[in-house]
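K.L.:
One structure coming up, written as structure tokens, with questions to follow.
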Amino acid sequence: MDYSIVIVDDHHMVSGALANVINSYASYKVLYIAEHGKEMIEQFKVPKNIPDIVLLDIAMPVMDGFATAQWLKKNHPEVLVIALSMQNDDVSVIRMIKSGAKGYLLKNNRPEQLKIALDELVAKGHYFPDWVASKIFLNLGDDKMHSPVNIHFTDREIEFLGYCSQELTYREIADKMICSSRTVEGYRDALFDKLGIKTRVGLAVYAIKSGIEHYKPNS
């Protein structure tokens with residue numbers, strides 16, 4: 001049986017090289033390449049263009065990998081998603097997994113590693129190398145955070161938490177919240193105390209686990 005694959009990546013040289021490598025494997029065939037999530041969604045309107053697997057970049061214009069993975073999780077949960085990225089930071093990994101990715105690979109992996117990932121994905125339904133598995137265990141499996149049931153958050157603290165899971169500096173968060181950097185640091189320190197967390201990554205992971213990264217402040 002051949003498994004169909006769609007590559008979603010705005011870097012033409014990378015996606016073209018990936019397609020050539022994948023098409024050289026037995027049992028795998030690239031259906032097409034999309035430059036971003038919205039282009040892929042347009043293709044999905046035709047049933048024959050819905051693949052078994054999507055190789056999904058994270059940083060893309062128009063519609064990034066997080067939003068695309070979330071759309072796939074909601075509308076086509078049967079499609080297996082592998083995040084393929086240069087980003088190996090905790091927040092990116094955890095956000096993609098929470099968004100529905102069943103695998104995570106770095107773009108600097110050797111071609112044979114991609115074949116191993118695809119084989120394991122179709123056999124087991126997921127593929128996470130050891131370095132990703134450790135992040136999942138340490139972050140998503142961390143029960144040392146205080147239970148939110150007994151914690152009261154102000155609206156501004158929730159807004160700050162939502163921004164923590166995005167690639168923003170504290171200065172940029174302050175600009176979005178229309179306040180000073182010192183005020184933002186106050187929100188951070190208060191949340192450190194309330195949640196028993198000591199790092200920005202910890203705040204971001206908490207926001208992702210609790211769904212706060214999707215919080216939209218009232219306009």
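Following the order of the structure tokens, chains are lettered A, B, ..., residues in each are numbered from 1, and ligands are numbered from 1.
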Quick one: everything within 10 Å of Gly37 in chain A, counting only C-alpha atoms, minus sequence neighbours fewer than 4 positions away in the same chain. Send it as a ChimeraX atom specification.
P.N.:
/A:8-10,41-43,56-58,60-69,71-72
K.L.:
Which residues, written as a PyMOL selection string, have at least one atom at most 8 Å from range 44-51 of chain A, with only C-alpha atoms counted and residues fewer than 5 positions away on the same chain left out?
P.N.:
chain A and resi 3-6+31+79
K.L.:
Give the answer as one residue: which of A:Met177, A:Phe160, A:Val54, A:Ser210 has the shortest atom-to-atom distance to Glu78 in chain A, using only C-alpha atoms?
P.N.:
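The answer is A:Val54, which sits nearest to Glu78 in chain A.
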K.L.:
If you run DSSP on this backbone, which residues of range 8-192 of chain A come out as helix (DSSP H, G or I), and could you give them as a ChimeraX atom specification?
P.N.:
/A:12-23,37-43,47-49,65-75,90-98,111-124,130-140,148-150,155-164,170-177,181-192
K.L.:
Could you write out the selected residues, including C-alpha atoms, as a short mmCIF file (atom, residue, chain, number, x, y, z; two decimals), in the first residue's frame?
P.N.:
```cif
data_model
loop_
_atom_site.label_atom_id
_atom_site.label_comp_id
_atom_site.auth_asym_id
_atom_site.auth_seq_id
_atom_site.Cartn_x
_atom_site.Cartn_y
_atom_site.Cartn_z
CA HIS A 12 10.70 25.91 -2.28
CA MET A 13 14.17 24.37 -2.20
CA VAL A 14 13.41 22.55 1.04
CA SER A 15 10.01 21.26 -0.03
CA GLY A 16 11.29 20.24 -3.47
CA ALA A 17 14.20 18.33 -1.97
CA LEU A 18 11.86 16.65 0.53
CA ALA A 19 9.52 15.58 -2.26
CA ASN A 20 12.39 14.00 -4.20
CA VAL A 21 13.56 12.09 -1.12
CA ILE A 22 10.08 10.88 -0.20
CA ASN A 23 9.27 9.79 -3.74
CA GLY A 37 -2.08 26.25 5.44
CA LYS A 38 -4.72 28.12 3.47
CA GLU A 39 -3.38 26.77 0.18
CA MET A 40 -3.55 23.26 1.61
CA ILE A 41 -7.13 23.80 2.81
CA GLU A 42 -8.15 24.85 -0.70
CA GLN A 43 -6.70 21.60 -2.04
CA PRO A 47 -11.47 14.54 -1.85
CA LYS A 48 -8.68 12.97 -3.89
CA ASN A 49 -6.31 15.66 -2.59
CA GLY A 65 1.85 25.41 11.23
CA PHE A 66 0.06 25.79 14.55
CA ALA A 67 -3.17 27.05 12.97
CA THR A 68 -2.94 24.49 10.16
CA ALA A 69 -2.45 21.59 12.61
CA GLN A 70 -5.43 22.79 14.64
CA TRP A 71 -7.58 22.93 11.49
CA LEU A 72 -6.53 19.41 10.54
CA LYS A 73 -7.21 18.13 14.06
CA LYS A 74 -10.73 19.57 13.94
CA ASN A 75 -11.67 18.79 10.33
CA ASP A 90 10.05 23.61 24.30
CA VAL A 91 7.20 25.98 23.48
CA SER A 92 7.15 25.20 19.74
CA VAL A 93 7.26 21.45 20.36
CA ILE A 94 4.52 21.49 23.01
CA ARG A 95 2.30 23.85 20.99
CA MET A 96 2.51 21.62 17.90
CA ILE A 97 1.73 18.48 19.88
CA LYS A 98 -1.22 20.17 21.58
CA PRO A 111 17.00 11.43 5.00
CA GLU A 112 17.09 8.01 6.63
CA GLN A 113 15.62 9.52 9.80
CA LEU A 114 12.64 10.79 7.80
CA LYS A 115 12.04 7.26 6.48
CA ILE A 116 12.16 5.88 10.03
CA ALA A 117 9.70 8.57 11.14
CA LEU A 118 7.24 7.81 8.34
CA ASP A 119 7.42 4.06 8.92
CA GLU A 120 6.83 4.46 12.66
CA LEU A 121 4.05 6.97 12.09
CA VAL A 122 2.01 4.64 9.90
CA ALA A 123 2.75 1.62 12.12
CA LYS A 124 2.09 3.19 15.52
CA ASP A 130 13.87 10.84 22.40
CA TRP A 131 14.57 14.57 22.68
CA VAL A 132 10.90 15.34 21.93
CA ALA A 133 9.61 12.65 24.27
CA SER A 134 11.64 14.15 27.12
CA LYS A 135 10.04 17.55 26.54
CA ILE A 136 6.58 15.99 26.58
CA PHE A 137 7.35 14.14 29.82
CA LEU A 138 8.91 17.12 31.57
CA ASN A 139 6.29 19.64 30.47
CA LEU A 140 2.94 18.07 29.63
CA PRO A 148 -5.82 26.14 38.67
CA VAL A 149 -9.00 25.21 40.58
CA ASN A 150 -7.73 26.97 43.69
CA ASP A 155 -8.05 39.29 33.50
CA ARG A 156 -4.71 40.97 32.87
CA GLU A 157 -2.78 37.97 34.17
CA ILE A 158 -4.74 35.70 31.83
CA GLU A 159 -4.04 38.07 28.95
CA PHE A 160 -0.33 38.04 29.83
CA LEU A 161 -0.32 34.23 30.01
CA GLY A 162 -1.84 34.04 26.53
CA TYR A 163 0.95 36.20 25.12
CA CYS A 164 3.62 34.11 26.90
CA TYR A 170 8.37 41.01 27.31
CA ARG A 171 8.73 44.44 25.70
CA GLU A 172 6.47 43.36 22.82
CA ILE A 173 3.95 41.93 25.29
CA ALA A 174 3.96 45.24 27.15
CA ASP A 175 3.24 47.06 23.88
CA LYS A 176 0.31 44.76 23.11
CA MET A 177 -1.07 45.16 26.62
CA SER A 181 7.66 46.64 30.94
CA ARG A 182 7.73 46.91 34.74
CA THR A 183 4.00 46.19 34.90
CA VAL A 184 4.46 43.11 32.70
CA GLU A 185 7.25 41.94 34.99
CA GLY A 186 4.79 42.30 37.86
CA TYR A 187 2.30 40.01 36.11
CA ARG A 188 5.11 37.52 35.47
CA ASP A 189 6.30 37.50 39.09
CA ALA A 190 2.74 37.17 40.41
CA LEU A 191 2.13 34.17 38.15
CA PHE A 192 5.45 32.60 39.16
#
```
K.L.:
Restricting the calculation to only C-alpha atoms: of A:Glu35, A:Ile151, A:His11, A:Leu105, which residue gets closest to Gln87 in chain A?
P.N.:
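Of A:Glu35, A:Ile151, A:His11, A:Leu105, the one nearest Gln87 in chain A is A:Leu105, counting only C-alpha atoms.
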K.L.:
Name the residues of chain A that fall into strand (DSSP E or B) according to DSSP on the backbone, using the chain letters and numbers of this document, as a PyMOL selection string.
P.N.:
chain A and resi 3-8+28-34+53-56+80-85+103-106+127
K.L.:
Those residues with N, CA and C atoms, as a short mmCIF file (atom, residue, chain, number, x, y, z; two decimals), in the first residue's frame please?
P.N.:
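Saved to again_1.cif:
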```cif
data_model
loop_
_atom_site.label_atom_id
_atom_site.label_comp_id
_atom_site.auth_asym_id
_atom_site.auth_seq_id
_atom_site.Cartn_x
_atom_site.Cartn_y
_atom_site.Cartn_z
N TYR A 3 1.31 5.21 0.77
CA TYR A 3 0.76 6.28 1.60
C TYR A 3 1.01 7.62 0.94
N SER A 4 -0.04 8.41 0.82
CA SER A 4 0.07 9.71 0.16
C SER A 4 0.48 10.78 1.17
N ILE A 5 1.31 11.70 0.71
CA ILE A 5 1.87 12.74 1.57
C ILE A 5 1.72 14.11 0.93
N VAL A 6 1.38 15.09 1.74
CA VAL A 6 1.38 16.48 1.31
C VAL A 6 2.41 17.24 2.13
N ILE A 7 3.22 18.04 1.47
CA ILE A 7 4.22 18.86 2.14
C ILE A 7 3.70 20.30 2.18
N VAL A 8 3.68 20.88 3.36
CA VAL A 8 3.25 22.28 3.51
C VAL A 8 4.44 23.07 4.04
N TYR A 28 5.64 5.35 -0.34
CA TYR A 28 5.27 6.73 -0.06
C TYR A 28 5.30 7.56 -1.35
N LYS A 29 4.31 8.45 -1.48
CA LYS A 29 4.24 9.28 -2.67
C LYS A 29 3.71 10.67 -2.31
N VAL A 30 4.39 11.71 -2.80
CA VAL A 30 3.96 13.08 -2.54
C VAL A 30 2.86 13.46 -3.51
N LEU A 31 1.72 13.86 -2.97
CA LEU A 31 0.60 14.29 -3.82
C LEU A 31 0.84 15.67 -4.39
N TYR A 32 1.23 16.60 -3.52
CA TYR A 32 1.50 17.98 -3.95
C TYR A 32 2.16 18.73 -2.80
N ILE A 33 2.61 19.95 -3.12
CA ILE A 33 3.25 20.83 -2.14
C ILE A 33 2.41 22.09 -2.03
N ALA A 34 2.16 22.53 -0.80
CA ALA A 34 1.45 23.79 -0.56
C ALA A 34 2.39 24.74 0.18
N ILE A 53 -0.85 11.59 5.14
CA ILE A 53 0.13 12.25 6.00
C ILE A 53 0.38 13.68 5.52
N VAL A 54 0.54 14.60 6.46
CA VAL A 54 0.95 15.96 6.13
C VAL A 54 2.27 16.25 6.84
N LEU A 55 3.27 16.65 6.05
CA LEU A 55 4.52 17.15 6.62
C LEU A 55 4.37 18.66 6.71
N LEU A 56 4.41 19.19 7.92
CA LEU A 56 3.97 20.56 8.15
C LEU A 56 5.06 21.42 8.78
N LEU A 80 -2.54 12.10 9.49
CA LEU A 80 -1.41 12.13 10.43
C LEU A 80 -0.49 13.30 10.11
N VAL A 81 -0.15 14.07 11.13
CA VAL A 81 0.66 15.28 10.93
C VAL A 81 2.02 15.12 11.58
N ILE A 82 3.06 15.39 10.80
CA ILE A 82 4.42 15.49 11.34
C ILE A 82 4.88 16.94 11.20
N ALA A 83 5.26 17.54 12.32
CA ALA A 83 5.85 18.87 12.27
C ALA A 83 7.29 18.74 11.80
N LEU A 84 7.65 19.55 10.81
CA LEU A 84 9.00 19.52 10.27
C LEU A 84 9.54 20.93 10.36
N SER A 85 10.51 21.15 11.25
CA SER A 85 10.88 22.52 11.57
C SER A 85 12.33 22.66 11.95
N GLY A 103 3.92 13.74 15.22
CA GLY A 103 5.34 13.52 15.08
C GLY A 103 6.05 14.86 14.98
N TYR A 104 7.36 14.85 15.23
CA TYR A 104 8.15 16.09 15.18
C TYR A 104 9.55 15.75 14.71
N LEU A 105 9.97 16.42 13.65
CA LEU A 105 11.31 16.22 13.08
C LEU A 105 11.97 17.56 12.81
N LEU A 106 13.29 17.62 13.01
CA LEU A 106 14.03 18.82 12.64
C LEU A 106 14.48 18.71 11.19
N TYR A 127 5.22 9.43 16.01
CA TYR A 127 6.67 9.30 16.01
C TYR A 127 7.27 10.50 16.74
#
```
